[in-house]
Every structure is written in structure tokens, then in C-alpha cells.
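Source file: upload16.cif. Holds: mmCIF, C-alpha atoms.
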```cif
data_structure
loop_
_atom_site.label_atom_id
_atom_site.label_comp_id
_atom_site.auth_asym_id
_atom_site.auth_seq_id
_atom_site.Cartn_x
_atom_site.Cartn_y
_atom_site.Cartn_z
CA MET A 1 24.25 81.65 34.42
CA PRO A 2 25.21 78.71 32.29
CA LEU A 3 22.63 76.00 32.02
CA ALA A 4 23.51 72.65 33.56
CA THR A 5 23.97 69.84 31.08
CA VAL A 6 22.33 66.50 31.72
CA ALA A 7 24.07 63.39 30.42
CA LEU A 8 21.73 61.04 28.70
CA ALA A 9 22.36 57.35 29.22
CA GLU A 10 22.82 55.47 25.99
CA THR A 11 20.26 52.74 25.34
CA PRO A 12 22.12 49.43 25.00
CA PRO A 13 21.56 47.77 21.62
CA LYS A 14 19.16 44.87 21.56
CA PRO A 15 20.90 41.52 21.24
CA GLU A 16 20.52 39.97 17.83
CA VAL A 17 18.28 36.93 17.80
CA PRO A 18 19.93 34.21 15.74
CA LYS A 19 17.85 33.08 12.82
CA PRO A 20 16.85 29.43 12.90
CA ALA A 21 18.84 27.25 10.54
CA ARG A 22 17.05 26.59 7.27
CA GLU A 23 15.77 23.03 7.14
CA PRO A 24 17.03 21.26 4.02
CA ARG A 25 14.64 20.27 1.24
CA PHE A 26 16.66 17.39 -0.21
CA TYR A 27 18.24 14.46 1.61
CA VAL A 28 20.38 11.50 0.67
CA ALA A 29 20.60 8.42 2.90
CA LEU A 30 22.80 5.34 2.96
CA VAL A 31 20.83 2.45 4.45
CA GLY A 32 21.28 -1.22 5.23
CA ALA A 33 19.13 -3.90 6.83
CA PRO A 34 19.01 -7.57 7.74
CA ASP A 35 16.18 -8.81 5.50
CA VAL A 36 14.03 -11.88 6.21
CA SER A 37 11.82 -13.37 3.47
CA THR A 38 9.03 -15.93 3.47
CA VAL A 39 6.39 -17.35 1.12
CA LYS A 40 3.12 -17.69 3.03
CA PHE A 41 5.17 -18.51 6.15
CA ALA A 42 6.20 -21.92 4.80
CA SER A 43 9.61 -21.31 6.38
CA ILE A 44 11.60 -18.45 7.88
CA GLU A 45 15.14 -18.43 6.54
CA LYS A 46 18.22 -16.65 7.88
CA PRO A 47 18.47 -12.86 7.33
CA MET A 48 20.18 -11.65 4.16
CA ALA A 49 21.63 -8.24 3.27
CA ASN A 50 19.49 -5.37 1.97
CA VAL A 51 21.51 -2.21 1.21
CA GLY A 52 21.12 0.88 -0.92
CA LEU A 53 20.88 4.62 -1.43
CA LEU A 54 17.71 6.67 -0.93
CA LEU A 55 16.79 10.19 -2.04
CA GLU A 56 14.19 12.22 -0.16
CA TYR A 57 12.38 15.50 -0.82
CA ARG A 58 10.59 17.44 1.92
CA PHE A 59 7.30 19.00 0.75
CA SER A 60 6.35 20.53 4.09
CA ARG A 61 7.20 20.33 7.77
CA ARG A 62 5.72 16.84 8.03
CA LEU A 63 5.38 15.41 4.51
CA ARG A 64 8.16 13.88 2.40
CA VAL A 65 8.55 11.63 -0.65
CA SER A 66 11.47 9.26 -1.24
CA THR A 67 12.87 6.94 -3.88
CA GLY A 68 16.18 5.24 -4.56
CA LEU A 69 17.82 1.92 -5.33
CA LEU A 70 18.13 -1.06 -2.99
CA ARG A 71 19.87 -4.36 -3.65
CA SER A 72 18.83 -7.38 -1.61
CA THR A 73 19.14 -11.15 -1.56
CA LYS A 74 15.94 -13.09 -0.92
CA GLN A 75 16.25 -16.64 0.38
CA TYR A 76 13.12 -18.67 0.98
CA VAL A 77 11.25 -21.96 0.76
CA ALA A 78 7.98 -22.18 -1.22
CA ARG A 79 5.47 -24.99 -1.04
CA ARG A 80 4.96 -26.84 -4.30
CA ALA A 81 1.43 -25.47 -4.57
CA ASP A 82 2.71 -21.88 -4.18
CA TYR A 83 5.20 -22.09 -7.06
CA ASP A 84 3.79 -21.62 -10.58
CA PHE A 85 5.57 -24.01 -12.95
CA GLY A 86 3.54 -22.81 -15.93
CA ALA A 87 3.80 -25.04 -19.03
CA TYR A 88 6.41 -27.12 -17.21
CA ALA A 89 3.80 -28.36 -14.69
CA ALA A 90 2.68 -31.23 -16.93
CA ASN A 91 6.25 -32.58 -17.10
CA ILE A 92 6.56 -32.87 -13.33
CA ALA A 93 3.09 -34.22 -12.53
CA HIS A 94 4.55 -37.60 -11.51
CA ARG A 95 7.39 -36.18 -9.44
CA TYR A 96 6.97 -36.30 -5.68
CA PHE A 97 8.29 -33.31 -3.73
CA ASN A 98 6.90 -30.80 -1.26
CA ASP A 99 8.99 -27.64 -1.45
CA VAL A 100 11.02 -25.45 -3.78
CA ASP A 101 14.13 -23.64 -2.48
CA GLY A 102 14.74 -20.18 -3.89
CA THR A 103 17.55 -17.62 -3.77
CA CYS A 104 17.13 -14.39 -5.71
CA THR A 105 19.12 -11.18 -6.10
CA VAL A 106 16.71 -8.26 -6.47
CA LEU A 107 16.99 -4.58 -7.36
CA ASP A 108 14.26 -2.75 -5.47
CA VAL A 109 13.13 0.74 -6.61
CA PRO A 110 10.76 2.14 -3.95
CA LEU A 111 8.46 5.15 -4.14
CA ASN A 112 7.29 6.05 -0.64
CA LEU A 113 5.40 8.84 1.09
CA ARG A 114 6.50 9.70 4.63
CA TYR A 115 4.52 11.58 7.29
CA ASP A 116 6.18 12.84 10.49
CA LEU A 117 3.85 11.97 13.36
CA LEU A 118 5.95 13.68 16.04
CA THR A 119 8.55 16.38 15.46
CA ARG A 120 11.01 17.64 18.07
CA PRO A 121 14.26 19.63 17.69
CA GLN A 122 16.38 16.52 18.23
CA TYR A 123 14.23 13.69 16.86
CA ARG A 124 11.22 12.69 14.75
CA LEU A 125 8.83 9.76 14.73
CA TYR A 126 7.28 8.93 11.35
CA GLY A 127 5.28 6.49 9.30
CA SER A 128 5.78 5.64 5.63
CA ALA A 129 3.88 3.81 2.90
CA GLY A 130 4.39 3.26 -0.82
CA LEU A 131 5.12 0.82 -3.64
CA SER A 132 8.23 -0.93 -4.92
CA SER A 133 9.22 -2.21 -8.35
CA PHE A 134 11.32 -5.40 -8.33
CA PHE A 135 13.94 -6.12 -11.01
CA MET A 136 15.11 -9.72 -10.67
CA GLN A 137 18.84 -9.92 -11.41
CA ARG A 138 19.46 -13.56 -10.62
CA GLU A 139 17.04 -16.33 -9.68
CA GLN A 140 17.98 -19.82 -8.59
CA TYR A 141 15.37 -22.48 -7.76
CA SER A 142 15.84 -26.14 -6.85
CA TYR A 143 14.05 -29.15 -5.41
CA ALA A 144 14.84 -32.77 -4.68
CA TYR A 145 12.21 -35.24 -5.92
CA THR A 146 11.33 -38.90 -6.40
CA GLU A 147 9.99 -40.21 -9.71
CA ASN A 148 9.35 -43.89 -10.48
CA TYR A 149 11.01 -44.73 -7.17
CA ARG A 150 14.20 -42.99 -8.29
CA PRO A 151 15.62 -39.86 -6.60
CA GLY A 152 16.33 -36.79 -8.68
CA TYR A 153 17.30 -33.15 -8.38
CA TRP A 154 16.14 -30.16 -10.43
CA GLU A 155 17.68 -26.71 -10.58
CA GLY A 156 16.65 -23.69 -12.62
CA ASN A 157 18.64 -20.46 -13.09
CA TYR A 158 17.40 -17.22 -14.64
CA VAL A 159 19.24 -13.93 -15.24
CA ASN A 160 17.41 -10.60 -15.73
CA ALA A 161 14.31 -12.55 -16.72
CA ASN A 162 11.57 -10.84 -14.68
CA ARG A 163 10.48 -7.30 -13.87
CA HIS A 164 7.60 -6.40 -11.60
CA TYR A 165 6.46 -2.79 -11.62
CA PHE A 166 4.80 -1.41 -8.45
CA SER A 167 4.07 -4.96 -7.34
CA VAL A 168 5.11 -4.70 -3.66
CA LEU A 169 3.45 -2.69 -0.89
CA ASN A 170 5.89 -0.96 1.51
CA LEU A 171 4.88 -0.20 5.10
CA SER A 172 7.25 1.15 7.76
CA ALA A 173 7.63 3.27 10.89
CA GLY A 174 10.81 5.01 11.94
CA TYR A 175 12.82 7.09 14.38
CA GLU A 176 15.21 9.81 13.15
CA ARG A 177 17.78 11.41 15.47
CA ALA A 178 19.50 14.68 14.54
CA LEU A 179 23.28 14.86 14.84
CA SER A 180 23.50 18.41 13.46
CA ALA A 181 21.54 20.73 11.18
CA ARG A 182 22.28 18.45 8.21
CA TRP A 183 23.27 15.03 9.52
CA SER A 184 20.98 12.49 11.18
CA LEU A 185 20.67 8.80 11.99
CA GLN A 186 17.54 6.72 11.50
CA ALA A 187 16.11 3.31 12.35
CA GLU A 188 13.11 2.07 10.37
CA PRO A 189 11.39 -1.32 10.78
CA TYR A 190 9.69 -2.23 7.48
CA LEU A 191 7.36 -4.76 5.91
CA LYS A 192 7.10 -5.56 2.19
CA LEU A 193 3.87 -7.27 1.12
CA PRO A 194 3.26 -8.82 -2.34
CA LEU A 195 0.56 -7.38 -4.58
CA ALA A 196 1.40 -9.83 -7.40
CA GLY A 197 3.51 -12.90 -8.04
CA ILE A 198 7.26 -12.35 -7.96
CA GLY A 199 9.96 -14.07 -10.00
CA ASN A 200 9.82 -16.98 -12.40
CA GLY A 201 7.55 -18.98 -10.09
CA LYS A 202 5.19 -16.05 -9.42
CA ILE A 203 5.52 -16.56 -5.68
CA ARG A 204 3.89 -14.34 -3.04
CA LEU A 205 7.05 -13.11 -1.34
CA THR A 206 6.87 -11.22 1.97
CA SER A 207 9.95 -9.50 3.41
CA ALA A 208 10.68 -7.69 6.67
CA GLY A 209 13.64 -6.06 8.37
CA VAL A 210 14.98 -2.94 10.06
CA PHE A 211 16.74 -0.28 8.00
CA LEU A 212 19.59 1.49 9.77
CA GLY A 213 20.97 4.53 8.01
CA ILE A 214 22.77 7.83 8.01
CA LYS A 215 21.24 10.83 6.23
CA TYR A 216 22.57 14.16 4.91
CA GLY A 217 20.39 17.16 4.03
CA PHE A 218 21.24 19.85 1.51
#
```

Have the structure of the file written as C-alpha cells, please.
Amino acid sequence: MPLATVALAETPPKPEVPKPAREPRFYVALVGAPDVSTVKFASIEKPMANVGLLLEYRFSRRLRVSTGLLRSTKQYVARRADYDFGAYAANIAHRYFNDVDGTCTVLDVPLNLRYDLLTRPQYRLYGSAGLSSFFMQREQYSYAYTENYRPGYWEGNYVNANRHYFSVLNLSAGYERALSARWSLQAEPYLKLPLAGIGNGKIRLTSAGVFLGIKYGF
């Protein structure tokens, strides 16, 4: 008698598990911020623009380093005692004034280290610290004074006269929101603290603001 044949059910193929998208190593970000500057809190002036381009490299899941070029305008008031007149101080000893007004255009080259404190698929919370070098493009200083009972006005202008390497401490914290595997948005409140005198008057300039930016990874 012929043997009965038994049909064997085919085992369905296992569904392919999609591989996670490779996280980029390099990033470029376009950032801008309203920037507020002060010299020892003598006065808080209106916010000025701080814009630029940043490059970032990811060492590991949480650690990154960044640099770039920022251009900002610093507007501030410095007390007379906080402005270093150098050899010119003897010439103004008999002038009566309290403050010096300053407006400077600065190229800022930062070098920062970022650590991601909290990582989620859609967002990250991070802290950052580093140093900035300031290249003073234009500096304008002025003050109104009285000398021998007569009013006067002094103004000094300097172009590309001062460079300050790694003279500013950068501190910040930020929130980054993913739009896709490569695009993201970020908001980063920052504080820039002086480690040395800045500009022709060697002032101790402090700046603060909130960077808003869009970032692309590749």
C-alpha cells in the first residue's frame, strides 16, 4: 500500500528588525542670541545681536567638543575706576566724570566641551563649559566730562587693535530637540565670564544670553 504523505507547514520567515540609524559624528549649527553685557553690573544695557556658526564633534554617546565663529556687539557702561586709561591717565587726572560708554564689535572663537546629562530618543539635556578667544574688530569709547568748569567730550576709536586668547570662561546648559535623524533644534542659556581685561580699557566684561539654533548632523 502506498504510504501516506504528510504536508509539512512552512515556518514563516522572521521579520527583519530594522537597524537603528547611525548617529552622526559631526554637526554644524547656525545659532543666534540676544546678548546682554555688563562691567561689574555698573549698568545693564539693551540686548545686542550675537550670531554665528558652530562645529561639533561627538566623541561618545554623551561627550562632545565644539568650536566655531561668533560675531557679537557688546554695549556697556564702565565706571571710571574700571577702565584702564594706561599712560593717558595722567592727562585726565583733572577731568571730572564717572562713567565710560563702550560699544565693541567682537569676533568670538569658542572651544567648549559638552556633556549630555539626560539622553532620550527625542531630546537631550546637556551642560557645557570652555574658553573663548576675543578678537576686537571695532571699539568705540566715550565720556562727557568737566575740566576747569568747562564741559568737554572725549571719544576714542580703535580697529583690530586687541586680541585676547582664551580670556573668557563659557558656561551654559541646553535643551536639544530632534526633528529627524540628522536635524535638531536647540536652546542654550549661556554666561561668559572674564578671566582677563578685555579691549583697550582692559575692562572685566560679562555677557549672558540664550542661543537658539538649528543643527545638522553628518

Nearest candidate to A:Tyr96 (options A:Ala144, A:Val31, A:Leu179, A:Val39; using all atoms listed in the file): A:Ala144

Decode the PyMOL selection byres ((chain A and resi 58) around 12) for the given file into explicit residues and return them as a ChimeraX atom specification. /A:23-28,55-57,59-66,113-116,217-218

Among listed residues A:Thr73, A:Thr103, A:Gln122, A:Asn112, nearest A:Gln140 (using only C-alpha atoms):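 Comparing A:Thr73, A:Thr103, A:Gln122, A:Asn112 against A:Gln140, the winner is A:Thr103.
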
Which of these residues is nearest to A:Leu193, using all atoms listed in the file: A:Val100, A:Leu171, A:Val210, A:Ala181?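 Of A:Val100, A:Leu171, A:Val210, A:Ala181, the one nearest A:Leu193, counting all atoms listed in the file, is A:Leu171.
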
My list of candidates is A:Ala173, A:Ala49, A:Ala78, A:Ala87. Which is closest to A:Leu117 when distances are computed with all atoms listed in the file?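 Under the stated criterion, the closest residue is A:Ala173.
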
State, in Å with one decimal place, the distance from atom CA of A:Arg79 to atom CA of A:Asp99.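 Computed distance, atom CA of A:Arg79 to atom CA of A:Asp99, equals 4.4 Å.
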